[in-house]
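In what follows, a single structure is set out as structure tokens and then discussed.
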Amino acid sequence: MGNLASRLRRVARLLGPSLLSLLVALVASGIVVALAGGNPARAFLALMQGAFGSADSLSEVGVKTCPLLFTGIAMVIAFRAGVWNIGGEGQLLLGAIAMAWLGSRLALPDWLGLPLVLAAAAMAGGGWAALAAVLKRQRAVSEVISTIMLNFVALQLVSYLVHGPLMEAAGQYPQTDAVSAALRLPRLFATHRLHLGFLIALGVAALAQVLLFRTVLGYQMRAAGLNPVAARLAGIPAERCAFLALVLSGALAGLAGGVEVSAVTYRLYEQFSPGWGFTAIAVALLGRLNPGGAVVAALFFGALDAGSFSMQRAAGISSVLVSIIQATVIFALVAVEGGAWLATTRARPEPSVL
Amino acid sequence: MDQAILTGLAASTVTMAVPLLLAALGELIAERSGTINIGLEGMLLMGAFTALIAAYFSGSSALGIGLAVGAGALFGLLMAYFVVGANANQVVAGAALNLLALGLTGVAYRAVFGVTGSAITVRGAPAFSVPVLRSLPVFGAAVFQQTLLGYASFVLVPLLAFALARTLPGLALRMVGENPRAAEAQGVHVKRVRTLALVACGALAAAGGAFLSVVYANTFVEGMSAGRGFIALAVVIVGRWSAWGILLAALFFGLASSLQFQFQALGVAVPYQLFLMLPYVLTLVVLAGYAGRARPPAALGQGYRRD
């Protein structure tokens, strides 16, 4: 039974920090609710009810989880490879642009059209990330800054497109035309909004698990992320791994945007994303940089998102309370992780093993 | 363009530049000490909110700005607790700080003012004009008729440039950002320097936020910093980590956003989004070295641990 005990200890070590950070976040946000003159118990109850109270609210949790899961997995892959992709938001928007543009203009048979436009969305996101990846590789520009800057360029690009070339034919609102019916991801149940994209996201999580832990490329990416100097000494092309991880990460974020347009909004407009690309960082960290963990974390934040408006209605506490919970989770996790391998960015001064 | 338009453009350029300048000078201090502070946006927002609340309830914009600076310093301390104390990743901690500020200001604003239809307004800080210089053409009114906070932001430029280049604390700060181990060997307390730098950064960024709410808009809206903290990050890079460079970059970005308003008002058919993209694109160009190489402090972004 020693085996069982050691396995339990491993699980505890893996889950401990996440559970602890959730506890800290709940206490901290409860205090904020109380300070804001609300009743924490009532607020959390309303939140739970909003998230899990009915079949429809459960379906909404799935809908809100979807973009967080795609982008969360995107961050897991990048962070594992030691690449600090802060540009999930911009990459997601590029994917949404591709979907909204092609989806409203393209006429293709169903079986071909949908996979094609989803691929285009992923390519758009990946291409946007590739700009940062090229700058990093060719000109040694830190991806932290370049991806942040590209977020804002993408935001303005969306604003320009929906007011200009891609504005709806009716010309009334600054939004694109609706995606044609054939290019919409089908719903899983006729009466709820939960859609096929949710299952695709779960599939992507499984693929990411295989990539990271069952393939040579994944092994090399993780090695490069842990210690680029040691990886290079061991003959692993660390720069190439970082490049690929960033582009792949961008592609998944682009897919998030494409799926959201194709399955939920059908259109692109300003303020399309409530900051999914940033919440994704919290998803990846809370999931301890594991795809499986990211699934659980995305469901958690998805439930918070879905329940936050019932909380606002029932308890009078602004739904942005969710941001505080996200922030506290991240803070608690990085404080616990402090010295561990999450701590440093690109350069580790000394190889730890060799 | 006639003189009235140019005068208006100059005034609006300076007004748009002040919050960027304050936040960017703060970020300069932090980055020169080796910390990249992505949480600048959150500090700006926190400053804007605190200043408005305090000014609203006390009726004094000066008190509002003062308390905002204090709140910003506290946020700097919080950031330092994680990135200097716990050696957490600077990028991740900064991103969390932004989320925290967004949440705190949103919840608190709703708790204090409810869901009122009309915006809460305060009387703005008074402007003081410099007698003769004020009547200079075009730039006179823009530069020499400002609030004290506006003047202070410009006076800070030569002061900071001098302090960084010619004083011992400035030298210590730069050493910590370039080579913390060497600095420690020289007897410089690396963690203390980085903590103080973040506190100063928070205070200045919050002052920029206070300028937004109490001087410029006279009100607060959720998320009113609207990405200015990130533009300030860009200002530091385009200004190549020097106080004078930052002044020029802040004015240039201020001009870009003023031109956007002017063009919209004049009905010029240039997509205004191009102007709003400019700071970010320019930053990428500068970083890539296509417009002369900009070199960040050598230890920027790296945690420090004593052996």
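We name chains A, B, ... following the order of the structure tokens; residues begin at 1 in each chain, and ligands are numbered from 1 as shown.
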
### Message
What's around range 60-74 of chain A at 7 Å? Count only C-alpha atoms, leave out sequence neighbours fewer than 4 positions away in its own chain, and write the answer as a PyMOL selection string.
### Response
chain A and resi 51+56+78+88+193-194+197-198+201+205+249-250+252-253+256+260+276-277+280-281+283-284+291+294-295+298-299+302-303+305-306

Create the file for the chosen residues now, containing C-alpha atoms and written as a tab-separated table (two decimals), in the first residue's frame.
```
chain	number	residue	atom	x	y	z
A	51	ALA	CA	-24.43	28.46	-12.50
A	56	ASP	CA	-30.17	25.82	-19.01
A	78	ALA	CA	3.12	28.29	-24.15
A	88	GLY	CA	-4.24	35.35	-26.15
A	193	ARG	CA	-26.98	27.00	-26.32
A	194	LEU	CA	-24.33	24.40	-25.45
A	197	GLY	CA	-17.33	23.57	-29.74
A	198	PHE	CA	-17.36	22.44	-26.12
A	201	ALA	CA	-12.33	21.98	-26.71
A	205	ALA	CA	-7.29	19.32	-24.18
A	249	SER	CA	-0.67	28.66	-28.62
A	250	GLY	CA	-1.85	31.45	-30.91
A	252	LEU	CA	-5.62	27.56	-30.22
A	253	ALA	CA	-6.53	31.08	-29.08
A	256	ALA	CA	-11.38	30.02	-29.43
A	260	GLU	CA	-17.27	31.63	-30.35
A	276	TRP	CA	-10.87	35.67	-22.21
A	277	GLY	CA	-7.24	35.91	-23.26
A	280	ALA	CA	-6.78	32.17	-19.69
A	281	ILE	CA	-3.65	32.91	-17.67
A	283	VAL	CA	-7.04	29.03	-16.06
A	284	ALA	CA	-3.61	27.70	-16.96
A	291	PRO	CA	-4.43	20.14	-19.78
A	294	ALA	CA	-7.09	23.37	-17.23
A	295	VAL	CA	-10.40	21.62	-18.02
A	298	ALA	CA	-11.96	26.50	-17.13
A	299	LEU	CA	-15.18	24.91	-15.86
A	302	GLY	CA	-16.92	29.36	-16.68
A	303	ALA	CA	-19.31	28.68	-13.80
A	305	ASP	CA	-18.93	33.80	-15.38
A	306	ALA	CA	-22.29	32.14	-15.86
```

Checklist entry - Mind checking DSSP for range 24-157 of chain B and telling me the strand (DSSP E or B) residues as JSON, numbers by chain? => result {"B": [121, 128, 129, 145, 146]}

Got a sec to pull out which chain A residues are within 8 Å of chain B, counting only C-alpha atoms, and send them as a short mmCIF file (atom, residue, chain, number, x, y, z; two decimals) with N, CA and C atoms, in the first residue's frame?
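Now in iface-v2.cif:
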```cif
data_model
loop_
_atom_site.label_atom_id
_atom_site.label_comp_id
_atom_site.auth_asym_id
_atom_site.auth_seq_id
_atom_site.Cartn_x
_atom_site.Cartn_y
_atom_site.Cartn_z
N ALA A 36 -18.54 45.66 0.70
CA ALA A 36 -19.39 46.37 -0.25
C ALA A 36 -20.84 46.39 0.23
N GLY A 37 -21.06 45.90 1.44
CA GLY A 37 -22.39 45.99 2.01
C GLY A 37 -23.30 44.83 1.61
N TRP A 84 6.03 33.34 -22.49
CA TRP A 84 4.98 34.08 -21.77
C TRP A 84 4.07 34.78 -22.76
N LEU A 135 9.64 37.99 -34.21
CA LEU A 135 10.37 39.08 -33.55
C LEU A 135 11.26 38.53 -32.44
N ARG A 139 14.88 39.02 -33.76
CA ARG A 139 15.35 40.28 -33.20
C ARG A 139 15.43 40.26 -31.68
N ALA A 140 15.26 39.09 -31.06
CA ALA A 140 15.37 38.95 -29.60
C ALA A 140 14.43 39.88 -28.85
N VAL A 141 13.22 40.09 -29.40
CA VAL A 141 12.22 40.92 -28.73
C VAL A 141 11.43 40.05 -27.76
N VAL A 144 6.67 38.96 -24.15
CA VAL A 144 5.74 39.59 -23.20
C VAL A 144 5.24 40.91 -23.77
N SER A 146 5.75 42.18 -26.93
CA SER A 146 5.21 42.17 -28.29
C SER A 146 3.78 41.63 -28.31
N ILE A 148 1.58 41.78 -25.90
CA ILE A 148 0.69 42.80 -25.32
C ILE A 148 0.36 43.86 -26.37
N MET A 149 1.41 44.33 -27.08
CA MET A 149 1.19 45.37 -28.08
C MET A 149 0.28 44.84 -29.20
N LEU A 150 0.49 43.58 -29.59
CA LEU A 150 -0.34 43.01 -30.66
C LEU A 150 -1.80 42.87 -30.22
N PHE A 152 -3.46 45.08 -28.57
CA PHE A 152 -4.10 46.37 -28.80
C PHE A 152 -4.23 46.68 -30.29
N VAL A 153 -3.24 46.24 -31.06
CA VAL A 153 -3.37 46.41 -32.51
C VAL A 153 -4.59 45.63 -33.00
N GLN A 156 -7.88 47.40 -32.18
CA GLN A 156 -8.15 48.51 -33.11
C GLN A 156 -8.51 47.98 -34.49
N LEU A 157 -7.90 46.88 -34.86
CA LEU A 157 -8.20 46.27 -36.15
C LEU A 157 -9.67 45.85 -36.19
N SER A 159 -12.08 47.13 -34.42
CA SER A 159 -12.87 48.36 -34.46
C SER A 159 -12.93 48.91 -35.88
N TYR A 160 -11.78 48.93 -36.54
CA TYR A 160 -11.74 49.42 -37.93
C TYR A 160 -12.60 48.56 -38.84
N PHE A 278 -7.00 37.00 -21.09
CA PHE A 278 -6.32 37.26 -19.81
C PHE A 278 -6.76 36.27 -18.75
N ILE A 281 -4.86 33.04 -18.50
CA ILE A 281 -3.65 32.91 -17.67
C ILE A 281 -4.02 32.27 -16.34
N ILE A 317 -24.28 42.74 -6.00
CA ILE A 317 -22.81 42.84 -6.06
C ILE A 317 -22.40 42.78 -7.53
N SER A 318 -21.58 43.75 -7.95
CA SER A 318 -21.19 43.82 -9.36
C SER A 318 -20.54 42.52 -9.84
N SER A 319 -20.88 42.13 -11.05
CA SER A 319 -20.36 40.87 -11.58
C SER A 319 -18.85 40.90 -11.77
N VAL A 320 -18.23 42.08 -11.72
CA VAL A 320 -16.76 42.09 -11.86
C VAL A 320 -16.07 41.53 -10.62
N LEU A 321 -16.87 41.16 -9.60
CA LEU A 321 -16.30 40.44 -8.46
C LEU A 321 -15.47 39.25 -8.95
N VAL A 322 -15.92 38.69 -10.08
CA VAL A 322 -15.22 37.54 -10.66
C VAL A 322 -13.75 37.87 -10.92
N SER A 323 -13.48 39.11 -11.35
CA SER A 323 -12.08 39.50 -11.60
C SER A 323 -11.27 39.41 -10.31
N ILE A 324 -11.89 39.80 -9.20
CA ILE A 324 -11.16 39.75 -7.93
C ILE A 324 -10.83 38.30 -7.59
N GLN A 326 -10.44 35.84 -9.69
CA GLN A 326 -9.36 35.42 -10.59
C GLN A 326 -8.02 35.93 -10.11
N ALA A 327 -8.00 37.22 -9.75
CA ALA A 327 -6.73 37.83 -9.32
C ALA A 327 -6.20 37.15 -8.07
N THR A 328 -7.10 36.91 -7.10
CA THR A 328 -6.64 36.30 -5.85
C THR A 328 -6.11 34.89 -6.08
N ILE A 330 -4.66 33.79 -8.76
CA ILE A 330 -3.32 33.89 -9.35
C ILE A 330 -2.30 34.28 -8.30
N PHE A 331 -2.64 35.31 -7.51
CA PHE A 331 -1.70 35.77 -6.49
C PHE A 331 -1.35 34.65 -5.52
N VAL A 334 0.94 32.10 -7.26
CA VAL A 334 2.33 32.50 -7.50
C VAL A 334 3.07 32.69 -6.18
N ALA A 335 2.33 33.04 -5.12
CA ALA A 335 3.00 33.18 -3.82
C ALA A 335 3.47 31.82 -3.33
N GLU A 337 3.97 29.17 -5.29
CA GLU A 337 4.93 28.63 -6.25
C GLU A 337 6.26 29.37 -6.20
N GLY A 338 6.18 30.62 -5.75
CA GLY A 338 7.31 31.53 -5.70
C GLY A 338 8.60 31.01 -6.26
N GLY A 339 9.30 30.22 -5.48
CA GLY A 339 10.63 29.82 -5.88
C GLY A 339 10.67 28.76 -6.95
N LEU A 342 7.91 28.14 -11.86
CA LEU A 342 7.07 29.20 -12.44
C LEU A 342 7.73 30.56 -12.29
N ALA A 343 8.72 30.63 -11.41
CA ALA A 343 9.20 31.93 -10.96
C ALA A 343 9.91 32.74 -12.03
N THR A 344 10.78 32.11 -12.78
CA THR A 344 11.60 32.92 -13.68
C THR A 344 11.03 32.95 -15.08
N THR A 345 11.37 33.94 -15.83
CA THR A 345 10.90 34.03 -17.21
C THR A 345 11.83 33.25 -18.12
N ALA A 347 15.30 33.56 -18.84
CA ALA A 347 16.67 33.21 -18.51
C ALA A 347 16.79 32.64 -17.11
#
```

Q. If you run DSSP on this backbone, which residues of range 103-215 of chain B come out as alpha helix (DSSP H), and could you give them as a ChimeraX atom specification?
A. /B:103-113,139-144,148-166,168-178,180-185,190-210

Just want the 9 Å neighbourhood of Gln91 in chain A, counted on only C-alpha atoms, with same-chain residues fewer than 2 positions away dropped. Output as a JSON list (two decimals) with C-alpha atoms, in the first residue's frame.
```json
[["chain", "number", "residue", "atom", "x", "y", "z"],
["A", 87, "GLY", "CA", -1.41, 37.88, -26.36],
["A", 88, "GLY", "CA", -4.24, 35.35, -26.15],
["A", 89, "GLU", "CA", -6.73, 38.17, -26.41],
["A", 93, "LEU", "CA", -9.72, 38.32, -31.97],
["A", 94, "LEU", "CA", -7.85, 37.43, -35.16],
["A", 95, "GLY", "CA", -9.54, 34.03, -35.14],
["A", 96, "ALA", "CA", -12.89, 35.74, -34.65],
["A", 122, "ALA", "CA", -6.75, 28.84, -36.04],
["A", 124, "ALA", "CA", -5.24, 33.61, -38.22],
["A", 125, "GLY", "CA", -4.53, 33.32, -34.49],
["A", 126, "GLY", "CA", -1.37, 31.36, -35.15],
["A", 127, "GLY", "CA", -0.25, 33.89, -37.72],
["A", 128, "TRP", "CA", -0.78, 36.75, -35.27],
["A", 129, "ALA", "CA", 1.31, 34.91, -32.67],
["A", 147, "THR", "CA", 2.13, 40.06, -27.53],
["A", 150, "LEU", "CA", -0.34, 43.01, -30.66],
["A", 151, "ASN", "CA", -3.43, 42.69, -28.42],
["A", 154, "ALA", "CA", -5.91, 43.58, -32.87],
["A", 249, "SER", "CA", -0.67, 28.66, -28.62],
["A", 250, "GLY", "CA", -1.85, 31.45, -30.91],
["A", 251, "ALA", "CA", -3.62, 28.94, -33.16],
["A", 252, "LEU", "CA", -5.62, 27.56, -30.22],
["A", 253, "ALA", "CA", -6.53, 31.08, -29.08],
["A", 254, "GLY", "CA", -7.61, 31.85, -32.65],
["A", 255, "LEU", "CA", -9.74, 28.72, -32.61],
["A", 256, "ALA", "CA", -11.38, 30.02, -29.43],
["A", 257, "GLY", "CA", -12.45, 33.18, -31.26],
["A", 277, "GLY", "CA", -7.24, 35.91, -23.26]]
```

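Considering only C-alpha atoms, the residue among B:Gly239, B:Gly59, B:Gly223, B:Gly124 positioned nearest to Leu149 in chain B is B:Gly124.
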
For Leu286 in chain A: contacts at 8 Å, only C-alpha atoms, fewer than 6 positions along chain excluded, given as an NGL selection string:
:A and (18 or 293-294 or 297 or 329-330 or 333)

Residues as selected, N, CA and C atoms, written as a short mmCIF file (atom, residue, chain, number, x, y, z; two decimals), in the first residue's frame, can you do that?
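The resulting file, out_18.cif, is reproduced below:
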```
data_model
loop_
_atom_site.label_atom_id
_atom_site.label_comp_id
_atom_site.auth_asym_id
_atom_site.auth_seq_id
_atom_site.Cartn_x
_atom_site.Cartn_y
_atom_site.Cartn_z
N SER A 18 -3.67 24.53 -5.63
CA SER A 18 -4.87 25.00 -6.31
C SER A 18 -6.02 25.16 -5.34
N GLY A 293 -6.02 19.62 -15.75
CA GLY A 293 -6.27 20.65 -14.73
C GLY A 293 -6.93 21.87 -15.34
N ALA A 294 -6.51 22.20 -16.57
CA ALA A 294 -7.09 23.37 -17.23
C ALA A 294 -8.57 23.16 -17.51
N ALA A 297 -10.24 23.91 -14.27
CA ALA A 297 -10.14 25.34 -13.98
C ALA A 297 -11.05 26.15 -14.90
N VAL A 329 -6.80 34.16 -6.97
CA VAL A 329 -6.32 32.81 -7.28
C VAL A 329 -4.89 32.87 -7.82
N ILE A 330 -4.66 33.79 -8.76
CA ILE A 330 -3.32 33.89 -9.35
C ILE A 330 -2.30 34.28 -8.30
N LEU A 333 -1.52 31.49 -5.96
CA LEU A 333 -0.72 30.44 -6.60
C LEU A 333 0.73 30.87 -6.79
#
```
